[in-house]
Amino acid sequence: MAVLNKIRQRSIFLILIIALALFSFIIGDIFQNLDSSAASDAPIATVNGEDIDRDDFMAKVENVQRQSGGSSTNTQAMNRVWENELRAKVMQSQYDAIGISVERDYMRDLLKQNLTTFEEFKNEAGLFDEDKLNEFIANLKAISPETTTLGGTPINYQSWTTFEQNVAVSGVQQTYFNLVKAGITGTLTEGELDYQLENDKVDLKYVQIPYASVADSLITVKKSEIEAYMKRFPKTYEVEASRNLVYIEFKEEASLEDEQAIQDNLKALISDREEYNEVSKANETVVGFKNTKDNEEFVNANSAQKYNDTYVFRSAFSSEQADNITDLKTGEIYGPYKEGNFFKLTKMLAKKGIADSTKVRHILIPFVGGARADATVTKTDAQAKATADSIYNVLRRNRSKFKSLLSLSSDKVSNEKEGVIEFAYNDGFAPEFKAYSFENPKGSLGVVRTDFGYHVIEVLSQGKPQDAFKVATIAQEIEPSVETIDEVFKNKSKFEIAVADADFEAVAEENNYDVRNVSSVKELDENIPGIGAQRAIVRWAFEDGVEEGDFKSFSTTAGGFVVVKLTGVNEAGLMSVQDGSVTALPEVRKEKKAAYIIDRITASTLEDIAAAEGQTVKTALAVNMKNPTLSGAGREPLVIGTAFGLDEGETSELIEGNTGVYAVQVTKTTPAPVLSSYQAAANRVGQAKESAVNTQLYNALKDAAEIEDNRAVFY
């Protein structure tokens, strides 16, 4: 009562506190909504002044993800749509600039090119008939949104218009590329130059002083020199904005005690046991796996993997367990045994010989609602069965009528082979179809219902019999217990509390936690090495207000947690000297080694240079500038280019090459034979340029485009 009285005395104060808290929450929510409203009005991107609509973009992303059947993440689907939309906008700006479009006549030509092989659009002479195309499109529009078939594939008016749009885009693109290629040619001068680069030859002698002959310890490279080198080659060292992270993962993994508990649970399922029934107030016998009469029900009630009522060959079992399982007698149980992320019990139910393959022929009568049944199917289940039974009765009296009845079958693929299907026992077929085809002898004829309809099946032949096994397997996933999960969460929380006032890495080391470093995470990245798709971490790392040294915990898709610390904020532009030094340092060191070698050489002849540097004079014959490679040294374009500028017998100055410092002497010059015409060489140059258009044109246009990318706001 004393506590209640104190609460009553302070009720006004409490009401004020609650009201202020609610007011603060509401005001904060209003500002947050204003911010999100402003962001929601923004387009996904703007390309050359044209917006990519956010709602349309997001709908396309959802569609791609749906079509992938869950195999693509949201970010992967978004990136796929982005590439398509970006290309469309970049190219459309070019089409608009020069006025390219697809008019009616050109569109008809494009459709003819794409549809000329379809039987639906051919006349009696086997030629493409535009009237048939017009009729098809008109009918498709009239029955919209219903579907018909084209080339055996279901199609409706909406998918047809999408197809036309794709054809039009392809046609405009091809026109644009052809216009660009028409302006590209190889001139006679270019042809002559290309011919000479390949056929002018020099023989030479050279000395190479490898950079590796100078120890790295003799060369000092300053940070400022690395930075200066990076500024000389900015395109090589330009980077997007990125973040550096470290993280510790707290995995929710089953302990040894958890695994033992799972095995004990499986063992308890094997034999019958007595259990007290609260309803009957008496002990009752619960039948175990060994004595159950309903294996399917028992497995499905106790297993993470459903019961499989088919026979399987030895190859269906893992190589480690195949002998243990196939050697079981009927009714015997093997296990618990570990397989992948499961502990299992396997009971042998039956053994028999089954052919490894079969050859059948069938007639399929579909029904409304059946798998892959198109809009032309009108028979109910009962009507389809009646038709199949009638066909069966005809064939039972006279098998020779099978071919003539194929016109009633909806399986167009097998119809092309007179209804015949050959398949192996392990191939994926409807279970009922497969069971009849393998479990009945050659010559058998029957009617079988599957999700596709009613099949009239005749078994034509069967392959070699193999030992087959029917087993019942109880599988229980190896997963952490509640106690283990609680312990993981507790450890994660303790770590977060500890690093709030201490060094992240030091606390990790004290607790023997593995710290993982991740560098150069970009704003639209999704995967974090070691923990997979973790888009939430990336978004956090780029949020306004998140600074170096901040940390946060996240749940992982694999189960468990990571505590992530932001260790670096890298702005867009030239990468840091530390990151750039990975490639810049060896190049700067090479330049300094070249200067070091050149500074110490006083000899002027190849022989004297070789003697002073402990090297040998080497020979290279028939060297050309189109393939500037020195035998024994590798690709050295500057060295070979220098040689072509020398007269016979002349020795070069020292040259800084790719792998060392060189001195060369030309011993023989062989000019290319003069041709009466360089047109063939000019044609080759032109063809090479045209080939480059297909791969380089779009990339060049994309690099030149003005792109404002807002994807990170929404994804």
# chains A, B, ... in the order shown; residues from 1 in each chain; ligands from 1
>>> residues_around(residues="region 379-383 of chain A", least_positions_apart="3", cutoff="7 Å", atoms="only C-alpha atoms", output="list in words")
Phe367, Val368, Ala386 and Thr387 of chain A
>>> residues_around(residues="region 93-99 of chain A", least_positions_apart="2", cutoff="10 Å", atoms="only C-alpha atoms", output="MDAnalysis selection string")
chainID A and resid 47:50 88:91 101 172:173 175:176 701 705
>>> closest_atom_pairs(of="region 425-518 of chain A", to="region 556-578 of chain A", cutoff="9 Å", atoms="only C-alpha atoms", output="tab-separated table")
residue	atom	partner	partner_atom	distance
A:Ile485	CA	A:Gly560	CA	8.0
A:Val488	CA	A:Gly560	CA	7.5
A:Phe489	CA	A:Phe561	CA	7.8
A:Lys492	CA	A:Phe561	CA	7.4
A:Phe495	CA	A:Val563	CA	8.5
A:Glu496	CA	A:Val563	CA	7.5
A:Phe504	CA	A:Lys565	CA	7.9
>>> residues_around(residues="region 447-454 of chain A", least_positions_apart="5", cutoff="8 Å", atoms="only C-alpha atoms", output="number ranges by chain")
A: 364-367, 370-373, 381, 384-385, 388-389, 392, 430-433, 436
>>> closest_residue(among="A:Ile248, A:Ala610, A:Met107, A:Ile333", to="Gly530 (chain A)", atoms="only C-alpha atoms")
A:Ile248
>>> atom_distance(atom1="CA of Tyr195 (chain A)", atom2="CA of Ala681 (chain A)")
6.4 Å
